[in-house]
Every structure is written in C-alpha cells, then in structure tokens.
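Below: one structure, written as structure tokens.
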Amino acid sequence: MSLDSGRTRILTQPGFLPFLIARLAAVFAMQIQAVVVAWQVYDLTRDPLALAYVGLAQFIPMLVLLLPAGDLADRHSRKRLLAASWLVQALCSGLLLWLSLSPAPQVPYYYAVLILYGCARAFTGPTLQSLLPQIVPREQLARAIAVNSMIMKLAVIAGPLVGGLLYALGGSLAYGVCLAAFVLALMLLIPVQTRYADSQRPPEATAWRRFTAGIGYIRSRPIILGAISLDLFAVLLGGVVALLPIYAQEVLQVGPEGLGALRSAIALGALLMGMVLSVWALSRHVGPAMFIAVIIFGVANLVFAFSTLFWLSFVALLIAGAADMISVYVRSTLIQLATPDNMRGRVSAVNMLFIGSSNELGEFRAGTSAAWFGTVPAAAIGGVATLVVAGTWMWGFRSLLRVDKFSDVEIPTR
C-alpha cells in the first residue's frame, strides 16, 4: 500500500472526516478567541499582569475539573460530553460578544467568562483525545493522529490571522465568528459514530480512586511519564505565546495583524512538519527525535527572545512550531498506543492536566516574568530553561531516550 493510499483510507473511514471538520471548526474558534481576548484585555489595561490573569483564569478550572472530566469520559458517552463542552464554549463566545458591545467593558467580567470557558475546556481535552481511537481502528491510529494534527494546524494558522484582522474591524465581529464556528462543530459531530468503543467500563470504586487511576497508570509507565513531563516543562518554562502581544506592540511594532501573523507562524511550522509526518511517518529513533525536537524548540525561542526584526522573529517561531509538532506527535502516539480504551479518558485527562493546562500556566509564568524582569529577559530565561530541562530528562528518563519504534510501547495484558 502506498503512502498516499494510506492517507486516503483514513479520510474515507466512516465518521473520521465529519469529526475532523468539526474539530477544525472548534479549534478555529478557540484560536480566534485566544488572540482577540488577549489583545482586548491588554488594550484595556496595558498591564503585562493582565495577560497572566487571562491564562490563570482558564488554568484554575482546568486544574480542578480535568481528573473528574477524565473519569466521566471513561464512564459515559464521550461524544455527548464533547457536545456539551462545545455548547458551553459557544455560550462563552456569546457572552464575550455581549461584553465587547458594552460601552464601558469591565475587565473582571472577561475573567469571569474565561473561568467558565476553562471549565468547558476541561471536558473538551479528555473527550477529544480519547474519542479518536473509538472512531478509527488501532492499525490506523498513528496515521490518524498525524493527519488530525496536521489538519488542526490549519485552524491554528488561520485562526490567529483571521482573529487579528477581525479585531481590527471590531472585537464583536470576531466573537460572532467564534459563536458560529462552535455551532457548526456541534452540528457536524451529530452523525459521528463510535464504532471501536470498548464496552468495558472502569470498575466501581471510590471517586478518588477512579480520578487518580490515570496518574497511577502513567507513573507505572516510565516512557509515558517521561514524554508527558518533558513536554510539560518545555511548554511551561519556554513558551512565549503570552508575550506575543507585548512583542507585537512594543518590540516589533507590527499591530494586531502582526500579532496574528506571529501566532500563526508557530502553527505554520507545525503544519509543515505535520505534512512531513503524514507522508513519512516517524518509524525509528522515536525517543531521540523527541529530545532533539525539544532542544530545537528552546534554541528557536532564544532567537525569538532577542530578535528585533519581524521576519527573524517569524522564522524563529516557525521553527519552534515545527519542533513542537514532533514532540506532540511522539507523545500523543505513545499515549494512545499504550493505553486501554477503558482508561483513555483518565489518562488523557492527566495528559491534558500536565500539557494542555501548562499552556495557560505558562502564560501566567511568562506574564509575571515579564512584569518582574522585562519582556526580553523573560523570553530568554524561558529558552535557557527549556535546554536545561531537555538535558536533565535525557539523564533521568533514559528509557524514553532508548525508544526506537512506537511498537516498543504496547498496551499491557489485562
């Protein structure tokens, strides 16, 4: 079978294409909203700490709700949970639309809506990650993850660009587009069937034992623990996304359109790398590839930190996005292939707790560092910290460094 026919067979898998387009619409809305909210709050306050609070308002509810969300995803219909979470996110877009139309918008109200938005996202992450293996068979899962990741980057690229342009026309228009995109995602999700769902459910136990089962499983698998924690600290310490509004306004002086381009550069690099991985799937030296990708991510962010040229900053973020895509692809594939279906919700919840919420906590870290040390030093410190983490994890998780093929990690015998 040719590589092209492999991609075609994935796209013709029943339910996969509607699921892909639905997720594309939802991610498109999320990316537009992320740019517009960050720019609007900073525009209202001119305070770097305000950007930190934007991240913190979303992180706290995710921290509290992710583990219960993972348990629900293993005990109930993941498709229905996903639909409910998208419905609440659509409501949040409507509330932000109402706030933006207010003659005197109050920043605390934005934080309140973002808290509700963070609650919804806590359920989106585990259900999305654990739903895909119920739609496609196991033998097609690695390629489905690569194709899914590549397509999602289209939204991550187009979303910030469109968000910057829409904000220039008015924030209310941007939030209206987000509301429409979430509604479209809900409509497309309805016909998706979960043909490969495992009928087995987690055994009855106390809520705490069910919630923490995912943590226990990951701790018993050093390769997965190493992959998740490596990504966690790389994003937490090295991410510069929260600083982009400041760089766009004060360092590069490129305005909201330039901010959208900078955010899209990260996704464009990831998209290009995703296209490569969908054609030439990573089949050997999986562990070393992940470590090399994290090192490149740190170096690229260091270049961005000191750059005062828009084109150089764009290229640095492009490379950082490509490197991050390799790390995400390796981590996601290892987790999905090594986890039984009746635990995927809880394991995905832990993964989202450490990875997904680390984006918001990383924004808080970047915002507070910029307030304390200045914008450029904050970005530079993050890049150096990423390199230190990569070196430390190569020594501490040698089992991950030695992984050659994805098949080296399999689901344990029940």
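We name chains A, B, ... following the order of the structure tokens; residues begin at 1 in each chain, and ligands are numbered from 1 as shown.
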
Next item on the list: Do a neighbour search on region 319-332 of chain A at 6 Å with only C-alpha atoms, toss out local chain neighbours closer than 6 positions, and write the hits as a VMD selection string.
Entry: chain A and resid 227 266 to 267 269 to 270 273 290 293 297 300

Generate a file of the selected residues that holds N, CA and C atoms, formatted as a compact mmCIF listing (two decimals), in the first residue's frame.
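Final file, again_21.txt:
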```
# COMPACT_ATOMS: atom_id res chain seq x y z
N ALA A 227 7.75 11.30 28.60
CA ALA A 227 7.28 12.07 27.45
C ALA A 227 6.35 13.20 27.89
N ILE A 266 3.89 29.90 14.51
CA ILE A 266 4.07 28.67 15.29
C ILE A 266 3.27 27.53 14.67
N ALA A 267 2.01 27.82 14.35
CA ALA A 267 1.14 26.80 13.77
C ALA A 267 1.57 26.42 12.36
N GLY A 269 4.63 26.33 11.18
CA GLY A 269 5.74 25.39 11.31
C GLY A 269 5.25 24.01 11.69
N ALA A 270 4.27 23.95 12.60
CA ALA A 270 3.70 22.67 12.99
C ALA A 270 2.96 22.01 11.84
N MET A 273 5.50 20.52 9.40
CA MET A 273 6.06 19.28 9.95
C MET A 273 5.01 18.18 9.99
N MET A 290 12.38 13.01 19.88
CA MET A 290 11.63 13.88 20.78
C MET A 290 12.57 14.82 21.53
N ALA A 293 13.92 17.48 19.22
CA ALA A 293 12.88 18.47 18.93
C ALA A 293 12.76 19.49 20.07
N PHE A 297 13.40 23.50 19.91
CA PHE A 297 12.36 24.39 20.42
C PHE A 297 12.96 25.46 21.33
N ALA A 300 15.21 27.95 19.27
CA ALA A 300 14.39 28.85 18.45
C ALA A 300 13.76 29.95 19.30
```

Show which residues sit within 12 Å of region 165-170 of chain A, as a PDB file with N, CA, C and O atoms, in the first residue's frame. Count only C-alpha atoms, and ignore same-chain residues fewer than 2 positions away.
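Listed below is the output, around-v1.pdb:
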```pdb
ATOM      1  N   ILE A  32      -9.135  32.055  17.265  1.00  0.00           N
ATOM      2  CA  ILE A  32      -9.582  33.438  17.074  1.00  0.00           C
ATOM      3  C   ILE A  32      -9.830  34.091  18.436  1.00  0.00           C
ATOM      4  O   ILE A  32      -9.377  35.200  18.720  1.00  0.00           O
ATOM      5  N   GLN A  33     -10.537  33.374  19.294  1.00  0.00           N
ATOM      6  CA  GLN A  33     -10.901  33.917  20.593  1.00  0.00           C
ATOM      7  C   GLN A  33      -9.673  34.186  21.454  1.00  0.00           C
ATOM      8  O   GLN A  33      -9.612  35.187  22.178  1.00  0.00           O
ATOM      9  N   ALA A  34      -8.671  33.304  21.380  1.00  0.00           N
ATOM     10  CA  ALA A  34      -7.461  33.485  22.180  1.00  0.00           C
ATOM     11  C   ALA A  34      -6.744  34.778  21.809  1.00  0.00           C
ATOM     12  O   ALA A  34      -6.285  35.525  22.676  1.00  0.00           O
ATOM     13  N   VAL A  35      -6.631  35.060  20.501  1.00  0.00           N
ATOM     14  CA  VAL A  35      -5.966  36.280  20.054  1.00  0.00           C
ATOM     15  C   VAL A  35      -6.764  37.509  20.464  1.00  0.00           C
ATOM     16  O   VAL A  35      -6.214  38.486  21.005  1.00  0.00           O
ATOM     17  N   VAL A  36      -8.067  37.472  20.239  1.00  0.00           N
ATOM     18  CA  VAL A  36      -8.900  38.652  20.470  1.00  0.00           C
ATOM     19  C   VAL A  36      -8.984  38.977  21.956  1.00  0.00           C
ATOM     20  O   VAL A  36      -8.859  40.143  22.362  1.00  0.00           O
ATOM     21  N   VAL A  37      -9.172  37.960  22.810  1.00  0.00           N
ATOM     22  CA  VAL A  37      -9.273  38.206  24.249  1.00  0.00           C
ATOM     23  C   VAL A  37      -7.966  38.778  24.786  1.00  0.00           C
ATOM     24  O   VAL A  37      -7.959  39.760  25.545  1.00  0.00           O
ATOM     25  N   ALA A  38      -6.840  38.165  24.407  1.00  0.00           N
ATOM     26  CA  ALA A  38      -5.546  38.643  24.905  1.00  0.00           C
ATOM     27  C   ALA A  38      -5.292  40.086  24.479  1.00  0.00           C
ATOM     28  O   ALA A  38      -4.882  40.928  25.290  1.00  0.00           O
ATOM     29  N   TRP A  39      -5.557  40.371  23.200  1.00  0.00           N
ATOM     30  CA  TRP A  39      -5.315  41.731  22.707  1.00  0.00           C
ATOM     31  C   TRP A  39      -6.270  42.723  23.366  1.00  0.00           C
ATOM     32  O   TRP A  39      -5.875  43.830  23.750  1.00  0.00           O
ATOM     33  N   GLN A  40      -7.526  42.340  23.504  1.00  0.00           N
ATOM     34  CA  GLN A  40      -8.525  43.258  24.045  1.00  0.00           C
ATOM     35  C   GLN A  40      -8.253  43.573  25.516  1.00  0.00           C
ATOM     36  O   GLN A  40      -8.331  44.732  25.944  1.00  0.00           O
ATOM     37  N   ASP A  43      -5.214  45.706  25.677  1.00  0.00           N
ATOM     38  CA  ASP A  43      -5.549  47.037  25.162  1.00  0.00           C
ATOM     39  C   ASP A  43      -6.288  47.858  26.214  1.00  0.00           C
ATOM     40  O   ASP A  43      -6.123  49.083  26.297  1.00  0.00           O
ATOM     41  N   LEU A  97     -19.112  38.362  23.177  1.00  0.00           N
ATOM     42  CA  LEU A  97     -19.720  39.240  22.186  1.00  0.00           C
ATOM     43  C   LEU A  97     -20.525  40.339  22.877  1.00  0.00           C
ATOM     44  O   LEU A  97     -20.420  41.521  22.523  1.00  0.00           O
ATOM     45  N   SER A 100     -18.163  42.853  24.545  1.00  0.00           N
ATOM     46  CA  SER A 100     -17.469  43.729  23.599  1.00  0.00           C
ATOM     47  C   SER A 100     -18.383  44.824  23.062  1.00  0.00           C
ATOM     48  O   SER A 100     -17.899  45.876  22.616  1.00  0.00           O
ATOM     49  N   LEU A 101     -19.691  44.569  23.076  1.00  0.00           N
ATOM     50  CA  LEU A 101     -20.651  45.581  22.621  1.00  0.00           C
ATOM     51  C   LEU A 101     -21.001  46.582  23.718  1.00  0.00           C
ATOM     52  O   LEU A 101     -21.660  47.590  23.453  1.00  0.00           O
ATOM     53  N   ALA A 158      -4.870  29.759  10.551  1.00  0.00           N
ATOM     54  CA  ALA A 158      -5.856  30.708  10.054  1.00  0.00           C
ATOM     55  C   ALA A 158      -6.528  31.472  11.191  1.00  0.00           C
ATOM     56  O   ALA A 158      -6.834  32.656  11.044  1.00  0.00           O
ATOM     57  N   GLY A 159      -6.731  30.815  12.332  1.00  0.00           N
ATOM     58  CA  GLY A 159      -7.423  31.447  13.440  1.00  0.00           C
ATOM     59  C   GLY A 159      -6.777  32.743  13.915  1.00  0.00           C
ATOM     60  O   GLY A 159      -7.438  33.786  13.959  1.00  0.00           O
ATOM     61  N   PRO A 160      -5.486  32.729  14.287  1.00  0.00           N
ATOM     62  CA  PRO A 160      -4.854  33.977  14.721  1.00  0.00           C
ATOM     63  C   PRO A 160      -4.824  35.055  13.647  1.00  0.00           C
ATOM     64  O   PRO A 160      -5.011  36.241  13.942  1.00  0.00           O
ATOM     65  N   LEU A 161      -4.583  34.650  12.399  1.00  0.00           N
ATOM     66  CA  LEU A 161      -4.577  35.638  11.317  1.00  0.00           C
ATOM     67  C   LEU A 161      -5.945  36.291  11.166  1.00  0.00           C
ATOM     68  O   LEU A 161      -6.064  37.518  11.102  1.00  0.00           O
ATOM     69  N   VAL A 162      -6.977  35.449  11.117  1.00  0.00           N
ATOM     70  CA  VAL A 162      -8.334  35.971  10.996  1.00  0.00           C
ATOM     71  C   VAL A 162      -8.708  36.762  12.242  1.00  0.00           C
ATOM     72  O   VAL A 162      -9.357  37.813  12.165  1.00  0.00           O
ATOM     73  N   GLY A 163      -8.283  36.255  13.421  1.00  0.00           N
ATOM     74  CA  GLY A 163      -8.580  36.961  14.655  1.00  0.00           C
ATOM     75  C   GLY A 163      -7.988  38.357  14.684  1.00  0.00           C
ATOM     76  O   GLY A 163      -8.653  39.320  15.098  1.00  0.00           O
ATOM     77  N   SER A 172     -16.383  42.566  18.468  1.00  0.00           N
ATOM     78  CA  SER A 172     -17.683  41.898  18.451  1.00  0.00           C
ATOM     79  C   SER A 172     -17.829  40.992  17.238  1.00  0.00           C
ATOM     80  O   SER A 172     -18.409  39.901  17.331  1.00  0.00           O
ATOM     81  N   LEU A 173     -17.307  41.414  16.099  1.00  0.00           N
ATOM     82  CA  LEU A 173     -17.378  40.588  14.894  1.00  0.00           C
ATOM     83  C   LEU A 173     -16.604  39.286  15.087  1.00  0.00           C
ATOM     84  O   LEU A 173     -17.061  38.207  14.693  1.00  0.00           O
ATOM     85  N   ALA A 174     -15.431  39.365  15.724  1.00  0.00           N
ATOM     86  CA  ALA A 174     -14.613  38.174  15.964  1.00  0.00           C
ATOM     87  C   ALA A 174     -15.351  37.176  16.852  1.00  0.00           C
ATOM     88  O   ALA A 174     -15.364  35.960  16.582  1.00  0.00           O
ATOM     89  N   TYR A 175     -15.978  37.667  17.919  1.00  0.00           N
ATOM     90  CA  TYR A 175     -16.700  36.765  18.810  1.00  0.00           C
ATOM     91  C   TYR A 175     -17.924  36.163  18.122  1.00  0.00           C
ATOM     92  O   TYR A 175     -18.304  35.020  18.409  1.00  0.00           O
ATOM     93  N   GLY A 176     -18.543  36.897  17.210  1.00  0.00           N
ATOM     94  CA  GLY A 176     -19.648  36.350  16.443  1.00  0.00           C
ATOM     95  C   GLY A 176     -19.212  35.200  15.564  1.00  0.00           C
ATOM     96  O   GLY A 176     -19.915  34.188  15.438  1.00  0.00           O
ATOM     97  N   VAL A 177     -18.045  35.325  14.944  1.00  0.00           N
ATOM     98  CA  VAL A 177     -17.500  34.237  14.126  1.00  0.00           C
ATOM     99  C   VAL A 177     -17.206  33.013  14.994  1.00  0.00           C
ATOM    100  O   VAL A 177     -17.475  31.868  14.594  1.00  0.00           O
ATOM    101  N   CYS A 178     -16.661  33.219  16.183  1.00  0.00           N
ATOM    102  CA  CYS A 178     -16.385  32.108  17.097  1.00  0.00           C
ATOM    103  C   CYS A 178     -17.668  31.376  17.473  1.00  0.00           C
ATOM    104  O   CYS A 178     -17.712  30.134  17.484  1.00  0.00           O
ATOM    105  N   GLY A 255       1.435  45.806  15.235  1.00  0.00           N
ATOM    106  CA  GLY A 255      -0.008  45.907  15.356  1.00  0.00           C
ATOM    107  C   GLY A 255      -0.712  44.570  15.467  1.00  0.00           C
ATOM    108  O   GLY A 255      -0.083  43.512  15.482  1.00  0.00           O
ATOM    109  N   PRO A 256      -2.064  44.575  15.530  1.00  0.00           N
ATOM    110  CA  PRO A 256      -2.824  43.330  15.699  1.00  0.00           C
ATOM    111  C   PRO A 256      -2.667  42.360  14.532  1.00  0.00           C
ATOM    112  O   PRO A 256      -2.680  41.146  14.725  1.00  0.00           O
ATOM    113  N   GLU A 257      -2.507  42.885  13.310  1.00  0.00           N
ATOM    114  CA  GLU A 257      -2.284  41.994  12.165  1.00  0.00           C
ATOM    115  C   GLU A 257      -0.960  41.254  12.321  1.00  0.00           C
ATOM    116  O   GLU A 257      -0.851  40.059  12.029  1.00  0.00           O
ATOM    117  N   GLY A 258       0.074  41.964  12.780  1.00  0.00           N
ATOM    118  CA  GLY A 258       1.362  41.313  13.019  1.00  0.00           C
ATOM    119  C   GLY A 258       1.290  40.298  14.136  1.00  0.00           C
ATOM    120  O   GLY A 258       1.938  39.245  14.081  1.00  0.00           O
ATOM    121  N   LEU A 259       0.478  40.587  15.170  1.00  0.00           N
ATOM    122  CA  LEU A 259       0.293  39.625  16.251  1.00  0.00           C
ATOM    123  C   LEU A 259      -0.315  38.330  15.717  1.00  0.00           C
ATOM    124  O   LEU A 259       0.131  37.230  16.060  1.00  0.00           O
ATOM    125  N   GLY A 260      -1.322  38.456  14.869  1.00  0.00           N
ATOM    126  CA  GLY A 260      -1.920  37.267  14.282  1.00  0.00           C
ATOM    127  C   GLY A 260      -0.920  36.473  13.467  1.00  0.00           C
ATOM    128  O   GLY A 260      -0.893  35.242  13.512  1.00  0.00           O
ATOM    129  N   ALA A 261      -0.051  37.178  12.725  1.00  0.00           N
ATOM    130  CA  ALA A 261       0.970  36.502  11.923  1.00  0.00           C
ATOM    131  C   ALA A 261       1.970  35.772  12.810  1.00  0.00           C
ATOM    132  O   ALA A 261       2.390  34.647  12.502  1.00  0.00           O
TER     133      ALA A 261
END
```

Check: At what distance in Å, to one decimal, does CA of Val403 (chain A) lie from CA of Val136 (chain A)?
Finding: 25.0 Å

Checklist line | Sel. of helix (DSSP H, G or I) residues, region 133-214 of chain A, as a ChimeraX atom specification | finding: /A:133-135,138-169,171-189,207-214

Margin query: Report as a ChimeraX atom specification all protein, DNA and RNA residues lying within 9 Å of region 108-114 of chain A, evaluated on only C-alpha atoms, omitting residues in the same chain fewer than 5 positions from it.
Written below: /A:37,41,53-55,57-58,92-93,95-96,99,119

Take the residues from that selection and write them out as a compact mmCIF listing (two decimals), in the first residue's frame, keeping all heavy atoms.
```
# COMPACT_ATOMS: atom_id res chain seq x y z
N VAL A 37 -9.17 37.96 22.81
CA VAL A 37 -9.27 38.21 24.25
C VAL A 37 -7.97 38.78 24.79
O VAL A 37 -7.96 39.76 25.55
CB VAL A 37 -9.66 36.91 25.00
CG1 VAL A 37 -9.46 37.08 26.49
CG2 VAL A 37 -11.10 36.55 24.71
N VAL A 41 -7.91 42.55 26.29
CA VAL A 41 -7.62 42.77 27.71
C VAL A 41 -6.36 43.63 27.87
O VAL A 41 -6.32 44.55 28.69
CB VAL A 41 -7.46 41.42 28.44
CG1 VAL A 41 -6.90 41.62 29.84
CG2 VAL A 41 -8.81 40.71 28.52
N TYR A 53 -3.23 36.95 34.09
CA TYR A 53 -4.53 36.61 34.65
C TYR A 53 -5.45 35.95 33.62
O TYR A 53 -6.30 35.13 33.97
CB TYR A 53 -5.20 37.86 35.23
CG TYR A 53 -4.44 38.48 36.38
CD1 TYR A 53 -4.41 39.86 36.55
CD2 TYR A 53 -3.73 37.68 37.28
CE1 TYR A 53 -3.69 40.43 37.60
CE2 TYR A 53 -3.02 38.24 38.33
CZ TYR A 53 -2.99 39.62 38.47
OH TYR A 53 -2.30 40.18 39.51
N VAL A 54 -5.27 36.31 32.34
CA VAL A 54 -6.03 35.64 31.28
C VAL A 54 -5.71 34.15 31.27
O VAL A 54 -6.61 33.30 31.16
CB VAL A 54 -5.72 36.27 29.90
CG1 VAL A 54 -6.23 35.39 28.77
CG2 VAL A 54 -6.34 37.66 29.80
N GLY A 55 -4.43 33.82 31.39
CA GLY A 55 -4.05 32.41 31.46
C GLY A 55 -4.49 31.74 32.74
O GLY A 55 -4.98 30.60 32.73
N ALA A 57 -7.03 32.49 34.70
CA ALA A 57 -8.47 32.31 34.76
C ALA A 57 -8.91 31.03 34.06
O ALA A 57 -9.92 30.42 34.44
CB ALA A 57 -9.17 33.52 34.13
N GLN A 58 -8.17 30.61 33.05
CA GLN A 58 -8.50 29.37 32.34
C GLN A 58 -7.84 28.16 32.99
O GLN A 58 -8.36 27.04 32.90
CB GLN A 58 -8.07 29.49 30.89
CG GLN A 58 -8.78 30.59 30.13
CD GLN A 58 -8.20 30.81 28.75
OE1 GLN A 58 -8.46 30.04 27.82
NE2 GLN A 58 -7.40 31.86 28.60
N CYS A 92 -19.90 30.96 25.94
CA CYS A 92 -18.85 31.91 26.34
C CYS A 92 -18.57 32.90 25.21
O CYS A 92 -18.36 34.10 25.47
CB CYS A 92 -17.59 31.16 26.71
SG CYS A 92 -17.72 30.20 28.24
N SER A 93 -18.54 32.43 23.97
CA SER A 93 -18.34 33.35 22.85
C SER A 93 -19.47 34.37 22.79
O SER A 93 -19.24 35.55 22.50
CB SER A 93 -18.26 32.56 21.54
OG SER A 93 -17.13 31.71 21.52
N LEU A 95 -21.22 35.45 25.34
CA LEU A 95 -21.03 36.40 26.44
C LEU A 95 -19.93 37.41 26.14
O LEU A 95 -20.06 38.60 26.45
CB LEU A 95 -20.69 35.63 27.73
CG LEU A 95 -21.83 34.79 28.33
CD1 LEU A 95 -21.32 33.95 29.50
CD2 LEU A 95 -22.98 35.68 28.78
N LEU A 96 -18.84 36.95 25.52
CA LEU A 96 -17.77 37.87 25.14
C LEU A 96 -18.25 38.85 24.07
O LEU A 96 -17.84 40.02 24.05
CB LEU A 96 -16.55 37.08 24.65
CG LEU A 96 -15.80 36.29 25.72
CD1 LEU A 96 -14.76 35.38 25.09
CD2 LEU A 96 -15.14 37.24 26.72
N LEU A 99 -20.13 41.45 25.96
CA LEU A 99 -19.21 42.35 26.67
C LEU A 99 -18.54 43.34 25.73
O LEU A 99 -18.37 44.52 26.06
CB LEU A 99 -18.15 41.54 27.42
CG LEU A 99 -18.59 40.80 28.68
CD1 LEU A 99 -17.47 39.93 29.21
CD2 LEU A 99 -19.05 41.79 29.74
N CYS A 119 -13.65 25.89 32.40
CA CYS A 119 -14.42 24.72 32.85
C CYS A 119 -14.83 23.85 31.67
O CYS A 119 -14.72 22.62 31.72
CB CYS A 119 -15.67 25.19 33.61
SG CYS A 119 -15.33 25.98 35.20
```

Next item on the list: Rank nothing, just name the residue among A:Ala22, A:Leu188, A:Leu277, A:Leu82 nearest to Ala144 (chain A), using only C-alpha atoms.
Entry: A:Leu277

Next item on the list: Using CA of Leu252 (chain A) and CA of Phe306 (chain A) as the two end points, give the distance in Å to one decimal.
Entry: 11.0 Å
